[in-house]
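Notes follow the structure.
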Amino acid sequence: MHCVRSILRRASCKNLPLAVQCSVLRAFSIHLQNQVTEDAANPPSPQLQANAKRANLILKTPKGTRDFSPKQMAIREKIFRTIISCFKRHGAVTIDTPVFELNDVLLDGHWEESKLVYHLKDQGGEELSLRYDLTVPFARYLAMNKITNFKRYHIAKVYRRDQPAKARGRFREFCQCDFDIAGKYDPMIPDAECLKVMHEILSALQCGEFLIKVNDRRILNGIFNICGIPDVKFETTCSTLDKLGKVSWEEVKKELVQEKGLLPEAVESIGQYVQFSGGWQLIHQLSQDPKLCKSQLAMEGLEDMKLLFEYLTLFGIIDQVSLDLSLARGLDYYSGLIYEAVLLPQRNGCRKEPLPVDSVAGGGRYDGLVASLDRKGQKLPCVGVSIGVERLFSVIEQKQEMSKEKICTKETQVLVAAAQKNFLAGRMKLIAELWDAGIKAEMFYKKNPKLLNQLQYCEETGIPLAAIIGEQETNDGVVKLRDVATRKEISVPKENLIEEIKKRLEK
């Protein structure tokens, strides 16, 4: 009725006699009531509703996620094969865990990470969240199964409600490749192996020169103490300090003071230490620091760092390792040694600026995480490394595009082709024999495909061999085997075909 009055006002009918206005209002009211009744009695058909829905549908992946094309998957599968091969070479076995965990497990004391977590609505009475890494589920697995010694790897997707940055290889859904050693061992031996695993994988993937930065939470703890940082601010300070390298020290300092509430003079004192990086000389310098010597935790961390450097020297990777006091690693379950790997600018001038990605691998020691989940508080020391597949993929894909090297998306070894019509049955029998012999083979899904189209398909997709049958070949009891690259053909007795194909594929 209010909208009808508005219409009357716009139509300049307010000067009409009151009786006329009432008559107009009644007429509009009856019309609107009849229209509502008609619409209710005759709703739009399901087809019209579906068409309207499709018209408004926006086809895209959710923010922070992506699809992968066959070419991209070929690159990723090669990366995974390299990583898994290294993990297995070091004696690790694999496990799998649910993609979601109980909130009480996933967020047990880790409130700094809670803002990164995707929470699920009540599911059958359980409060659940998607896992944000593979480390906490692994700790739960160890505590639940009462395991005391374990070397495992786990490759799976994780989810973080973070601000995505595609150019930097940062997403909300991404894959992690973790290698962890759980158990009570002599200091720094498992830690050194984790760094060796990291070094082997980055070297094998040939992403370019890299540097492995190491630090120790105990050293950081000592630095924070002598700089006047309260213990309750340790984790949140580490979380902010972890941004150093991605943003400037001035921005980090501003956040520590204005958002984290630290005293400006305390932050200035931290700045004097976190600028340092180096090797044996820096370890010696810190061991002689009169202020730092007062911190027992820092001295323990430095002693272990000396031991680690000795082992890394024996492993032959010390030249690519640096003690970096700015390294903090934001996750609060780390308790001792921490590390991450970053790619360096190329020296040959092809790339003057650092690649626009964050660390490509990282990890550390988390000795108290399993105890926090165990009913009896049983402590189980753990150390691990996580390979940043998404960031490495971004770099490798970029290099692949620049080299313009052709990527083979298929592993098909033989195309079974026909030279004439009416040979579908012959092709199907032959390809079944190849499949049964373990040979990767394809054929066209047409009854009578043209031979030229079949051969062009081989060239376009990189299939190396074509097994061609026709009337003449059938009469002679042979199959024509064509080398797609050289276009040379030979006739092979049908009973010798599989042996000949395998011989050629081995070359």
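Residues in the structure tokens are numbered from 1 in each chain, the chains being A, B, ... in the order shown, and ligands are numbered from 1 in the order shown.
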
Quiz item: Any idea what's packed within 6 Å of stretch 367-372 of chain A, counting only C-alpha atoms, ignoring anything in its chain fewer than 6 positions away? Could you give it as a ChimeraX atom specification?
Solution: /A:139,143,378-382

Exercise. If you run DSSP over the backbone, which residues in stretch 56-115 of chain A end up helix (DSSP H, G or I)? Put them as number ranges by chain.
Key: A: 56, 70-89, 103-106, 111-114

Quiz prompt | One-decimal distance in Å that lies between atom CA of A:Asp324 and atom CA of A:Arg172 | solution =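 Interatomic distance here is 28.1 Å.
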
Practice problem: Fewer than 2 positions away in the same chain doesn't count, so skip those; otherwise give me all residues within 10 Å of stretch 277-286 of chain A, counting only C-alpha atoms, as a VMD selection string. | Solution: chain A and resid 213 to 215 219 273 to 275 288 to 293 298 to 299 302 to 303 305 to 306 309 to 310 318 to 319 321 to 327

How about saving the chosen residues, N, CA, C and O atoms kept, as a compact mmCIF listing (two decimals), in the first residue's frame?
```txt
# COMPACT_ATOMS: atom_id res chain seq x y z
N LYS A 213 69.07 -21.70 5.78
CA LYS A 213 69.24 -20.89 6.99
C LYS A 213 68.87 -21.72 8.21
O LYS A 213 67.86 -22.43 8.19
N VAL A 214 69.67 -21.64 9.24
CA VAL A 214 69.37 -22.37 10.48
C VAL A 214 69.40 -21.41 11.66
O VAL A 214 70.07 -20.37 11.62
N ASN A 215 68.66 -21.76 12.69
CA ASN A 215 68.67 -21.02 13.95
C ASN A 215 68.16 -21.97 15.03
O ASN A 215 67.87 -23.13 14.74
N ILE A 219 68.27 -20.17 21.28
CA ILE A 219 69.11 -18.98 21.10
C ILE A 219 68.22 -17.74 21.04
O ILE A 219 68.51 -16.71 21.65
N TYR A 273 70.78 -7.96 17.17
CA TYR A 273 71.16 -9.37 17.02
C TYR A 273 70.64 -9.99 15.71
O TYR A 273 71.36 -10.74 15.05
N VAL A 274 69.38 -9.68 15.37
CA VAL A 274 68.77 -10.38 14.24
C VAL A 274 69.38 -9.98 12.89
O VAL A 274 69.05 -10.57 11.86
N GLN A 275 70.25 -9.00 12.89
CA GLN A 275 70.93 -8.63 11.64
C GLN A 275 72.08 -9.59 11.33
O GLN A 275 72.60 -9.60 10.21
N GLN A 288 80.79 -16.05 23.03
CA GLN A 288 81.59 -15.14 23.86
C GLN A 288 80.84 -13.87 24.24
O GLN A 288 81.38 -13.03 24.96
N ASP A 289 79.59 -13.73 23.77
CA ASP A 289 78.81 -12.53 24.06
C ASP A 289 78.52 -12.47 25.57
O ASP A 289 77.89 -13.37 26.12
N PRO A 290 78.97 -11.42 26.26
CA PRO A 290 78.82 -11.36 27.73
C PRO A 290 77.36 -11.36 28.19
O PRO A 290 77.05 -11.91 29.25
N LYS A 291 76.47 -10.75 27.41
CA LYS A 291 75.06 -10.75 27.79
C LYS A 291 74.42 -12.10 27.53
O LYS A 291 73.69 -12.63 28.37
N LEU A 292 74.70 -12.66 26.37
CA LEU A 292 74.06 -13.92 25.99
C LEU A 292 74.55 -15.08 26.84
O LEU A 292 73.83 -16.07 27.04
N CYS A 293 75.76 -14.96 27.34
CA CYS A 293 76.32 -16.02 28.19
C CYS A 293 75.50 -16.24 29.46
O CYS A 293 75.59 -17.30 30.10
N ALA A 298 70.30 -20.32 25.73
CA ALA A 298 71.04 -19.87 24.55
C ALA A 298 72.36 -20.63 24.43
O ALA A 298 72.75 -21.03 23.32
N MET A 299 73.04 -20.86 25.54
CA MET A 299 74.30 -21.59 25.51
C MET A 299 74.09 -23.05 25.08
O MET A 299 74.88 -23.62 24.33
N LEU A 302 73.60 -23.00 21.35
CA LEU A 302 74.86 -22.77 20.63
C LEU A 302 75.75 -24.01 20.64
O LEU A 302 76.44 -24.31 19.65
N GLU A 303 75.75 -24.76 21.74
CA GLU A 303 76.52 -26.01 21.79
C GLU A 303 75.99 -27.01 20.77
O GLU A 303 76.76 -27.68 20.08
N MET A 305 74.39 -26.22 18.10
CA MET A 305 74.66 -25.66 16.77
C MET A 305 76.09 -26.02 16.33
O MET A 305 76.32 -26.33 15.15
N LYS A 306 77.04 -25.99 17.27
CA LYS A 306 78.40 -26.42 16.94
C LYS A 306 78.42 -27.87 16.48
O LYS A 306 79.07 -28.22 15.49
N PHE A 309 76.93 -28.22 12.97
CA PHE A 309 77.84 -27.79 11.92
C PHE A 309 78.92 -28.84 11.66
O PHE A 309 79.38 -29.01 10.52
N GLU A 310 79.35 -29.54 12.71
CA GLU A 310 80.32 -30.63 12.52
C GLU A 310 79.72 -31.73 11.65
O GLU A 310 80.37 -32.23 10.71
N ILE A 318 77.94 -28.16 4.26
CA ILE A 318 78.09 -27.01 5.15
C ILE A 318 78.21 -25.69 4.38
O ILE A 318 77.82 -24.63 4.88
N ASP A 319 78.72 -25.74 3.14
CA ASP A 319 78.92 -24.51 2.36
C ASP A 319 77.60 -23.84 2.00
O ASP A 319 77.59 -22.65 1.63
N VAL A 321 74.94 -23.77 4.11
CA VAL A 321 74.20 -23.60 5.37
C VAL A 321 74.72 -22.37 6.09
O VAL A 321 75.93 -22.13 6.14
N SER A 322 73.80 -21.57 6.65
CA SER A 322 74.20 -20.35 7.36
C SER A 322 73.35 -20.19 8.61
O SER A 322 72.12 -20.40 8.58
N LEU A 323 74.00 -19.83 9.72
CA LEU A 323 73.27 -19.48 10.94
C LEU A 323 72.70 -18.08 10.75
O LEU A 323 73.45 -17.12 10.54
N ASP A 324 71.38 -17.95 10.80
CA ASP A 324 70.71 -16.67 10.57
C ASP A 324 69.81 -16.37 11.76
O ASP A 324 68.80 -17.03 11.98
N LEU A 325 70.19 -15.35 12.55
CA LEU A 325 69.46 -15.04 13.78
C LEU A 325 68.11 -14.39 13.54
O LEU A 325 67.32 -14.24 14.47
N SER A 326 67.81 -14.01 12.28
CA SER A 326 66.49 -13.45 11.99
C SER A 326 65.46 -14.54 11.75
O SER A 326 64.26 -14.27 11.74
N LEU A 327 65.92 -15.78 11.57
CA LEU A 327 65.00 -16.89 11.31
C LEU A 327 64.25 -17.25 12.59
O LEU A 327 64.87 -17.50 13.63
```

Self-check item: Which of stretch 130-329 of chain A fall in strand (DSSP E), as an NGL selection string
Solution: :A and (130 or 150-159 or 173-182 or 210-216 or 277-278 or 321-324)

Please tabulate, as CSV, the residues of stretch 272-342 of chain A that come within 8 Å of stretch 231-252 of chain A, each with its closest pair of atoms and the distance in Å to one decimal, counting only C-alpha atoms and ordering rows by chain, then residue number upward.
```
residue,atom,partner,partner_atom,distance
A:Ser326,CA,A:Leu244,CA,6.8
A:Leu327,CA,A:Asp242,CA,6.1
A:Ala328,CA,A:Asp242,CA,4.9
A:Arg329,CA,A:Asp242,CA,5.4
A:Gly330,CA,A:Ser239,CA,4.2
A:Leu331,CA,A:Ser239,CA,7.2
A:Asp332,CA,A:Glu235,CA,5.9
```

Self-check item: Contacts of A:Phe138 within 10 Å, only C-alpha atoms, excl. fewer than 2 positions in-chain, as a PyMOL selection string
Solution: chain A and resi 95-97+133-136+140-144+152-154+178+180+182+369-370
